There are 2 protein chains.
Amino acid sequence: MRSIQVLKGNVVYAQKRTELTCVENGYIVTKNGVIEGVFKVLPGEYRGVRVEDYGDKLIIPSFCDMHLHAPQFAMLGMGMDLELIEWLNKYTFKTEARFADTAYARRVYRMFADALIKKGTTRVAVYSSVHRESTHVLMEELERAGVTGYVGKVNMDRNCSDDTRETTEESLLETRRFLEECKGRYKHLTPILTPRFTPSCSNELMAGLGKLQREYGVRVQSHLSENRQEVEWVKALHPDSEYYYETYEKYGLWIENTIMAHCVYSGERERAAMKEAGVVVAHCPDSNMNIASGFAPVRRMLEEGLNVVLGTDIAGGALLSMRDSATSAVRTSKIRWLLSDKKEDFLTVAEAFYLATSAGQAYFGAGPGFQAGDALHALVLDDSRLPETRPLTLEERLERLMYFSSDDTIAARYSEGELR
Amino acid sequence: MRSIQVLKGNVVYAQKRTELTCVENGYIVTKNGVIEGVFKVLPGEYRGVRVEDYGDKLIIPSFCDMHLHAPQFAMLGMGMDLELIEWLNKYTFKTEARFADTAYARRVYRMFADALIKKGTTRVAVYSSVHRESTHVLMEELERAGVTGYVGKVNMDRNCSDDTRETTEESLLETRRFLEECKGRYKHLTPILTPRFTPSCSNELMAGLGKLQREYGVRVQSHLSENRQEVEWVKALHPDSEYYYETYEKYGLWIENTIMAHCVYSGERERAAMKEAGVVVAHCPDSNMNIASGFAPVRRMLEEGLNVVLGTDIAGGALLSMRDSATSAVRTSKIRWLLSDKKEDFLTVAEAFYLATSAGQAYFGAGPGFQAGDALHALVLDDSRLPETRPLTLEERLERLMYFSSDDTIAARYSEGELR
């Protein structure tokens, strides 16, 4: 029975987008870090096992940050008076160039990984820089801290700064080498192909990455239709492609589980292509506001049955906490609600919570909430030091804890079944 | 010389809306808590005085929160799926009713006052509830914590819940009593007349408050043109008034230094009336997003020469930190920039910093930044534990510290010259 772990508390999770499940004074039982079940009453077979009693606290799934740039953690909150392309040139490439230095990478990525765990994010789909070695540094630091997920070495062979540009050959060789080196090296981290975005990848590079994808069966992440200027630029670069997404599709990178960040300007046809291919949309509300990209049609995407997840997009986004990302998604959805004359419903807090937890979990093959058979990824939330109020329902307490996102409201973090 | 205090650090403040002043390794000298001057080199007369050396840290003016509701601190982050009127009825009035109990008020207001100081807010224009006694509790707690400014007992005699509604007579009598009791009672807190908003105040109440204003010479704060539904409601209640602001004007409450929160739907005529009367606009960006009110025309107001300040509007706003309020103002201004086809410039971070500090200070009779003759209100900001980056200018460091708003980036707080 040593491998059995029992957590007690108010278990709250999103079974569906529109359905919050609350088990008051419930139990989560795990065996070797894998969930056995959530119970209202502890089954007899677990009697005698020590219970980790979190009292009146909430136990929720930990968060999945499905789009962010690790090196940009060093420039969080900078250049916020610029739009995408200018911001990339004036800040981003300069920052990322420094990650050629693995010692520098070690220092920044250590802080970054610790900050993620502190804020309750245990699963990510994250970009590194173009540097293969520093990408391993990032993965080592994530694994040490207990952050799991997908990590991509970025590919760029054009339209970036001289000190971040790779040759096409180099980019492909380094990526292949990266994929090889990852084999068996990390327990809970997987490489993912990461062409930065169409403007920074030549057709030859894209074609080569498509080949690598087929050879290694790896997943893909990139950016799509974030900013009007960018969309126009892509059109100019690919006059044969009517839609932005086709610039990925024609090289075999528009496939099941490809994560496309932003999709602010993805129209009906592009969205239909996502659904057809099983492409996942990473909605990054704070980034869309900060670098003034626009207002993503999230409600429509959800109604169309697209797979939408949330990302902080550090450092286009300036909020590392996924709770802030979720409430930002609510806030920005209200812009579309107002602009649509209240026809396009805004996201509820419960829906945003679903997107930040269960929707992201699905990308890692896990069921919604706490499903038997899945590794335990959980947070224990403590609202005992928040201002005194009337007795609240668990739904209300969760809502409040989503907005009151200070780190000290997280009492414990579990990743892959381990207390972190 | 005992009354002389010298602070050393990188002094940064907003002299004008469009002009940041940086004094690297500068000195702020105060005498009995009042600023003598900011110096690049410490003048000879202060030699021998002990210098409080903050090293490479930034010293900036502390923040002014010019619109917030103290009792709603107890419901921060709740009911965020509702619009203004529904939110008032389902959450706000119920919460405020509890402040009839001064012991409850003491517990909540103690946390509230401490939280303000922790987040670097030392000056406020704040609403209490309708309860006179609890308003004194609020003032006692603010004074204890070192928060200065204007505090209003709310007036409401219609269109609210039974347990928060006053009779007209009671409302006026209690307000008069409150004004009398405040005489000589508080060192740095001043009462302010606070008719909640036109829908909750009868004409008789408004007229009575206008009389009290003239009798006591007190300032006024209220709400204006926050939400479309509210604007329509006011029109129905005052068929003789073409504009919302006239419902205050006709009772003598639209006067110099009246603070009007929101003004999202204030058109040209209403804005011109503000300028003419010397009315101050308290822009509350996070609140406008959360309860989906709309997008205030802040750039236009500034261009028209209106006096705009910032407020968190707790708990329509869910962010108590004025740094978050300032960056929210930047974020929401980008909505108008996008919607205006990039014609209406968004706010820069420096401008938002100006609004959160110098613009607010003016309401308290202080000059911009650190002016000789003004009481010292300052924060010492520490970015030494933020991610390592290239050497930054002081402007960049300030921008970053506005976005990286965690409490632990504030190393010290001064209010009225005292370390808090």
# chains A, B, ... in the order shown; residues from 1 in each chain; ligands from 1
>>> select_by_dssp(residues="segment 147-339 of chain B", states="alpha helix (DSSP H)", output="VMD selection string")
chain B and resid 168 to 182 203 to 216 228 to 237 246 to 249 268 to 277 285 to 290 298 to 303 322 to 339
>>> residues_around(residues="segment 306-322 of chain B", least_positions_apart="2", cutoff="8 Å", atoms="only C-alpha atoms", output="PyMOL selection string")
(chain A and resi 403-404) or (chain B and resi 63-70+72-73+75-77+80+116+119-121+271+274-275+278-288+290-291+298+301-304+324-326+355-356+359-360+405)
>>> write_last_selection(atoms="C-alpha atoms", output="PDB file, in the first residue's frame")
ATOM      1  CA  TYR A 403      -9.404  36.238 -10.086  1.00  0.00           C
ATOM      2  CA  PHE A 404      -7.419  36.376  -6.813  1.00  0.00           C
TER       3      PHE A 404
ATOM      4  CA  PHE B  63      -0.019  55.363  -6.471  1.00  0.00           C
ATOM      5  CA  CYS B  64      -3.358  57.156  -6.256  1.00  0.00           C
ATOM      6  CA  ASP B  65      -6.457  54.975  -6.561  1.00  0.00           C
ATOM      7  CA  MET B  66      -9.148  57.465  -7.437  1.00  0.00           C
ATOM      8  CA  HIS B  67     -12.174  55.175  -7.497  1.00  0.00           C
ATOM      9  CA  LEU B  68     -12.892  52.076  -5.451  1.00  0.00           C
ATOM     10  CA  HIS B  69     -15.461  50.603  -3.098  1.00  0.00           C
ATOM     11  CA  ALA B  70     -13.985  49.447   0.201  1.00  0.00           C
ATOM     12  CA  GLN B  72     -16.621  45.310  -2.134  1.00  0.00           C
ATOM     13  CA  PHE B  73     -13.119  44.123  -1.236  1.00  0.00           C
ATOM     14  CA  MET B  75     -16.470  40.232  -2.997  1.00  0.00           C
ATOM     15  CA  LEU B  76     -13.451  40.825  -5.207  1.00  0.00           C
ATOM     16  CA  GLY B  77     -13.523  38.395  -8.148  1.00  0.00           C
ATOM     17  CA  MET B  80     -17.927  38.524 -12.992  1.00  0.00           C
ATOM     18  CA  LEU B 116      -3.647  48.855  -0.301  1.00  0.00           C
ATOM     19  CA  LYS B 119       0.369  47.179  -3.215  1.00  0.00           C
ATOM     20  CA  GLY B 120       1.771  50.699  -3.052  1.00  0.00           C
ATOM     21  CA  THR B 121      -1.408  52.789  -2.956  1.00  0.00           C
ATOM     22  CA  ARG B 271     -17.042  65.864 -21.856  1.00  0.00           C
ATOM     23  CA  MET B 274     -16.571  68.222 -17.450  1.00  0.00           C
ATOM     24  CA  LYS B 275     -13.882  70.511 -18.674  1.00  0.00           C
ATOM     25  CA  GLY B 278     -13.407  71.098 -13.541  1.00  0.00           C
ATOM     26  CA  VAL B 279     -14.883  67.627 -13.048  1.00  0.00           C
ATOM     27  CA  VAL B 280     -12.299  64.822 -12.805  1.00  0.00           C
ATOM     28  CA  VAL B 281     -12.737  61.566 -14.742  1.00  0.00           C
ATOM     29  CA  ALA B 282     -11.790  58.386 -12.864  1.00  0.00           C
ATOM     30  CA  HIS B 283     -11.046  55.856 -15.590  1.00  0.00           C
ATOM     31  CA  CYS B 284     -11.419  52.259 -14.391  1.00  0.00           C
ATOM     32  CA  PRO B 285     -10.278  50.001 -17.221  1.00  0.00           C
ATOM     33  CA  ASP B 286     -10.452  46.624 -15.526  1.00  0.00           C
ATOM     34  CA  SER B 287     -13.949  47.272 -14.250  1.00  0.00           C
ATOM     35  CA  ASN B 288     -15.087  48.375 -17.687  1.00  0.00           C
ATOM     36  CA  ASN B 290     -15.112  42.799 -16.221  1.00  0.00           C
ATOM     37  CA  ILE B 291     -18.670  44.024 -16.114  1.00  0.00           C
ATOM     38  CA  VAL B 298      -9.518  58.144 -22.727  1.00  0.00           C
ATOM     39  CA  MET B 301     -10.457  63.014 -23.072  1.00  0.00           C
ATOM     40  CA  LEU B 302      -6.745  63.662 -22.713  1.00  0.00           C
ATOM     41  CA  GLU B 303      -6.583  65.492 -26.027  1.00  0.00           C
ATOM     42  CA  GLU B 304      -9.525  67.614 -24.969  1.00  0.00           C
ATOM     43  CA  ASP B 324      -2.314  46.440 -12.900  1.00  0.00           C
ATOM     44  CA  SER B 325      -4.804  49.263 -13.295  1.00  0.00           C
ATOM     45  CA  ALA B 326      -2.254  51.275 -15.267  1.00  0.00           C
ATOM     46  CA  LEU B 355      -2.197  58.861 -14.766  1.00  0.00           C
ATOM     47  CA  ALA B 356      -1.614  56.507 -11.832  1.00  0.00           C
ATOM     48  CA  ALA B 359      -2.482  62.985 -12.321  1.00  0.00           C
ATOM     49  CA  GLY B 360      -3.888  61.572  -9.109  1.00  0.00           C
ATOM     50  CA  SER B 405       3.375  43.822 -10.432  1.00  0.00           C
TER      51      SER B 405
END
>>> closest_atom_pairs(of="chain B", to="chain A", cutoff="8 Å", atoms="only C-alpha atoms", output="Markdown table")
| residue | atom | partner | partner_atom | distance |
| --- | --- | --- | --- | --- |
| B:Phe73 | CA | A:Pro387 | CA | 6.9 |
| B:Ala74 | CA | A:Pro387 | CA | 5.0 |
| B:Met75 | CA | A:Thr389 | CA | 6.9 |
| B:Leu76 | CA | A:Arg400 | CA | 6.9 |
| B:Gly77 | CA | A:Arg400 | CA | 4.6 |
| B:Met78 | CA | A:Arg400 | CA | 5.5 |
| B:Met80 | CA | A:Val349 | CA | 7.6 |
| B:Asp81 | CA | A:Thr348 | CA | 5.9 |
| B:Thr95 | CA | A:Thr389 | CA | 7.7 |
| B:Arg107 | CA | A:Glu388 | CA | 7.8 |
| B:Val108 | CA | A:Pro387 | CA | 6.1 |
| B:Met111 | CA | A:Pro387 | CA | 7.0 |
| B:Met289 | CA | A:Arg331 | CA | 5.6 |
| B:Asn290 | CA | A:Arg331 | CA | 5.7 |
| B:Ala292 | CA | A:Lys334 | CA | 5.8 |
| B:Gly294 | CA | A:Leu338 | CA | 7.1 |
| B:Ala318 | CA | A:Tyr403 | CA | 6.6 |
| B:Val330 | CA | A:Asn290 | CA | 8.0 |
| B:Arg331 | CA | A:Met289 | CA | 5.6 |
| B:Thr332 | CA | A:Met289 | CA | 7.6 |
| B:Lys334 | CA | A:Ala292 | CA | 5.8 |
| B:Ile335 | CA | A:Ala292 | CA | 7.4 |
| B:Leu338 | CA | A:Gly294 | CA | 7.1 |
| B:Thr348 | CA | A:Asp81 | CA | 5.9 |
| B:Val349 | CA | A:Asp81 | CA | 7.0 |
| B:Pro387 | CA | A:Ala74 | CA | 5.0 |
| B:Glu388 | CA | A:Ala74 | CA | 6.0 |
| B:Thr389 | CA | A:Ala74 | CA | 5.5 |
| B:Arg390 | CA | A:Thr95 | CA | 8.0 |
| B:Glu396 | CA | A:Met78 | CA | 6.8 |
| B:Glu399 | CA | A:Met78 | CA | 6.4 |
| B:Arg400 | CA | A:Gly77 | CA | 4.6 |
| B:Leu401 | CA | A:Gly77 | CA | 7.5 |
| B:Met402 | CA | A:Gly77 | CA | 7.6 |
| B:Tyr403 | CA | A:Gly77 | CA | 5.0 |
| B:Phe404 | CA | A:Gly77 | CA | 6.5 |
>>> residues_around(residues="Glu416 of chain B", least_positions_apart="2", cutoff="6 Å", atoms="only C-alpha atoms", output="PDB file with C-alpha atoms, in the first residue's frame")
ATOM      1  CA  ALA B 375       4.495  65.429   1.528  1.00  0.00           C
ATOM      2  CA  LEU B 376       6.582  62.462   0.436  1.00  0.00           C
ATOM      3  CA  HIS B 377       4.519  59.641  -1.064  1.00  0.00           C
ATOM      4  CA  GLU B 418       6.678  58.099   6.901  1.00  0.00           C
TER       5      GLU B 418
END
>>> residues_around(residues="Gly367 of chain A", least_positions_apart="3", cutoff="12 Å", atoms="only C-alpha atoms", output="VMD selection string")
chain A and resid 13 to 16 35 61 354 357 to 364 370 to 377
>>> residues_around(residues="Leu212 of chain B", least_positions_apart="2", cutoff="12 Å", atoms="only C-alpha atoms", output="number ranges by chain")
B: 171-180, 192-195, 205-210, 214-220, 251-253
>>> select_by_dssp(residues="segment 103-302 of chain A", states="strand (DSSP E or B)", output="ChimeraX atom specification")
/A:121-127,148-152,154-155,189-195,219-224,259-262,280-283
>>> write_last_selection(atoms="C-alpha atoms", output="short mmCIF file (atom, residue, chain, number, x, y, z; two decimals), in the first residue's frame")
data_model
loop_
_atom_site.label_atom_id
_atom_site.label_comp_id
_atom_site.auth_asym_id
_atom_site.auth_seq_id
_atom_site.Cartn_x
_atom_site.Cartn_y
_atom_site.Cartn_z
CA THR A 121 1.41 25.33 -14.39
CA THR A 122 2.58 21.73 -14.68
CA ARG A 123 2.01 21.08 -18.39
CA VAL A 124 3.26 23.21 -21.26
CA ALA A 125 3.78 23.44 -24.99
CA VAL A 126 6.72 25.80 -25.02
CA TYR A 127 9.10 27.42 -27.53
CA THR A 148 5.99 18.34 -18.20
CA GLY A 149 5.00 18.58 -21.84
CA TYR A 150 6.28 19.57 -25.28
CA VAL A 151 9.40 21.64 -25.94
CA GLY A 152 10.43 23.01 -29.33
CA VAL A 154 12.70 27.15 -32.90
CA ASN A 155 13.43 27.13 -36.64
CA LEU A 189 9.18 16.03 -21.89
CA THR A 190 8.78 15.47 -25.61
CA PRO A 191 10.28 17.42 -28.52
CA ILE A 192 7.91 19.22 -30.86
CA LEU A 193 8.69 20.77 -34.26
CA THR A 194 8.58 24.55 -34.02
CA PRO A 195 8.85 26.55 -37.23
CA ARG A 219 3.98 17.00 -33.25
CA VAL A 220 4.13 20.57 -34.55
CA GLN A 221 3.51 24.03 -33.08
CA SER A 222 3.55 27.41 -34.76
CA HIS A 223 1.76 30.76 -35.10
CA LEU A 224 -1.22 31.59 -37.33
CA ILE A 259 -0.93 23.72 -32.15
CA MET A 260 -1.52 27.04 -33.84
CA ALA A 261 -1.21 30.06 -31.59
CA HIS A 262 -3.58 33.05 -31.84
CA VAL A 280 -5.55 22.85 -31.91
CA VAL A 281 -6.02 26.60 -31.35
CA ALA A 282 -3.93 28.15 -28.58
CA HIS A 283 -5.82 31.29 -27.59
#
>>> atom_distance(atom1="atom CA of Ser62 of chain B", atom2="atom CA of Leu394 of chain B")
16.9 Å
>>> closest_residue(among="B:Thr18, B:Gln5, B:Ser161, B:Ser241", to="Lys31 of chain B", atoms="only C-alpha atoms")
B:Gln5
>>> atom_distance(atom1="atom CA of Asp382 of chain B", atom2="atom CA of Lys40 of chain B")
20.3 Å
>>> residues_around(residues="Ile59 of chain B", least_positions_apart="3", cutoff="6 Å", atoms="only C-alpha atoms", output="MDAnalysis selection string")
chainID B and resid 10:11 379:380
>>> residues_around(residues="Arg158 of chain B", least_positions_apart="4", cutoff="8 Å", atoms="only C-alpha atoms", output="ChimeraX atom specification")
/B:165-166,199-202
>>> atom_distance(atom1="atom CA of Ile85 of chain A", atom2="atom CA of Arg196 of chain A")
13.0 Å
>>> decode(residues="segment 13-51 of chain B", atoms="N, CA and C atoms", output="tab-separated table (two decimals), in the first residue's frame")
chain	number	residue	atom	x	y	z
B	13	TYR	N	10.02	59.69	-12.17
B	13	TYR	CA	8.65	60.20	-12.03
B	13	TYR	C	8.19	60.84	-13.33
B	14	ALA	N	6.89	61.11	-13.39
B	14	ALA	CA	6.30	61.68	-14.60
B	14	ALA	C	6.04	63.16	-14.37
B	15	GLN	N	6.89	63.97	-14.95
B	15	GLN	CA	6.73	65.42	-14.80
B	15	GLN	C	5.50	65.89	-15.56
B	16	LYS	N	5.36	65.34	-16.77
B	16	LYS	CA	4.17	65.59	-17.59
B	16	LYS	C	3.68	64.24	-18.09
B	17	ARG	N	2.53	64.27	-18.75
B	17	ARG	CA	1.97	63.02	-19.27
B	17	ARG	C	2.90	62.37	-20.27
B	18	THR	N	3.61	63.18	-21.00
B	18	THR	CA	4.44	62.64	-22.07
B	18	THR	C	5.93	62.72	-21.74
B	19	GLU	N	6.24	62.91	-20.48
B	19	GLU	CA	7.64	63.12	-20.14
B	19	GLU	C	8.01	62.45	-18.83
B	20	LEU	N	8.87	61.45	-18.94
B	20	LEU	CA	9.36	60.74	-17.77
B	20	LEU	C	10.69	61.38	-17.36
B	21	THR	N	10.85	61.66	-16.09
B	21	THR	CA	12.11	62.23	-15.60
B	21	THR	C	12.86	61.16	-14.82
B	22	CYS	N	14.12	60.95	-15.15
B	22	CYS	CA	14.93	59.94	-14.47
B	22	CYS	C	16.17	60.60	-13.88
B	23	VAL	N	16.36	60.44	-12.60
B	23	VAL	CA	17.57	60.95	-11.95
B	23	VAL	C	18.34	59.74	-11.42
B	24	GLU	N	19.35	59.34	-12.19
B	24	GLU	CA	20.11	58.14	-11.83
B	24	GLU	C	20.92	58.42	-10.57
B	25	ASN	N	20.88	57.50	-9.65
B	25	ASN	CA	21.60	57.67	-8.38
B	25	ASN	C	21.34	59.06	-7.78
B	26	GLY	N	20.09	59.40	-7.72
B	26	GLY	CA	19.72	60.71	-7.20
B	26	GLY	C	19.36	60.67	-5.72
B	27	TYR	N	19.00	61.83	-5.23
B	27	TYR	CA	18.65	61.98	-3.81
B	27	TYR	C	17.30	62.67	-3.70
B	28	ILE	N	16.47	62.16	-2.79
B	28	ILE	CA	15.26	62.90	-2.41
B	28	ILE	C	15.46	63.33	-0.96
B	29	VAL	N	15.37	64.61	-0.72
B	29	VAL	CA	15.53	65.11	0.65
B	29	VAL	C	14.17	65.57	1.17
B	30	THR	N	13.83	65.13	2.38
B	30	THR	CA	12.60	65.61	2.99
B	30	THR	C	12.91	66.23	4.36
B	31	LYS	N	12.06	67.13	4.77
B	31	LYS	CA	12.17	67.74	6.11
B	31	LYS	C	10.81	67.61	6.75
B	32	ASN	N	10.76	66.94	7.87
B	32	ASN	CA	9.47	66.65	8.52
B	32	ASN	C	8.48	66.01	7.55
B	33	GLY	N	9.01	65.15	6.70
B	33	GLY	CA	8.14	64.42	5.78
B	33	GLY	C	7.78	65.18	4.52
B	34	VAL	N	8.22	66.42	4.43
B	34	VAL	CA	7.89	67.24	3.26
B	34	VAL	C	9.12	67.36	2.36
B	35	ILE	N	8.88	67.20	1.06
B	35	ILE	CA	9.99	67.18	0.10
B	35	ILE	C	10.69	68.54	0.03
B	36	GLU	N	12.01	68.49	0.16
B	36	GLU	CA	12.83	69.70	-0.02
B	36	GLU	C	13.27	69.79	-1.48
B	37	GLY	N	13.52	68.63	-2.07
B	37	GLY	CA	13.93	68.64	-3.47
B	37	GLY	C	14.48	67.29	-3.90
B	38	VAL	N	14.64	67.13	-5.23
B	38	VAL	CA	15.29	65.96	-5.82
B	38	VAL	C	16.61	66.45	-6.39
B	39	PHE	N	17.71	65.78	-6.07
B	39	PHE	CA	19.04	66.27	-6.46
B	39	PHE	C	19.87	65.17	-7.12
B	40	LYS	N	20.65	65.60	-8.11
B	40	LYS	CA	21.62	64.68	-8.72
B	40	LYS	C	22.82	64.51	-7.79
B	41	VAL	N	23.19	65.61	-7.15
B	41	VAL	CA	24.28	65.60	-6.18
B	41	VAL	C	23.73	66.15	-4.88
B	42	LEU	N	24.03	65.49	-3.78
B	42	LEU	CA	23.48	65.94	-2.51
B	42	LEU	C	24.08	67.30	-2.13
B	43	PRO	N	23.23	68.32	-1.96
B	43	PRO	CA	23.75	69.65	-1.61
B	43	PRO	C	24.53	69.62	-0.29
B	44	GLY	N	25.53	70.48	-0.21
B	44	GLY	CA	26.44	70.51	0.93
B	44	GLY	C	25.73	70.62	2.28
B	45	GLU	N	24.64	71.35	2.32
B	45	GLU	CA	23.95	71.56	3.59
B	45	GLU	C	23.44	70.27	4.23
B	46	TYR	N	23.30	69.19	3.41
B	46	TYR	CA	22.80	67.93	3.96
B	46	TYR	C	23.92	66.94	4.28
B	47	ARG	N	25.17	67.37	4.10
B	47	ARG	CA	26.30	66.49	4.43
B	47	ARG	C	26.18	66.06	5.89
B	48	GLY	N	26.51	64.84	6.12
B	48	GLY	CA	26.50	64.38	7.50
B	48	GLY	C	25.16	63.76	7.90
B	49	VAL	N	24.11	64.03	7.12
B	49	VAL	CA	22.82	63.39	7.39
B	49	VAL	C	22.91	61.94	6.93
B	50	ARG	N	22.36	61.04	7.69
B	50	ARG	CA	22.38	59.63	7.30
B	50	ARG	C	21.54	59.45	6.01
B	51	VAL	N	22.13	58.76	5.06
B	51	VAL	CA	21.43	58.55	3.79
B	51	VAL	C	20.82	57.15	3.78
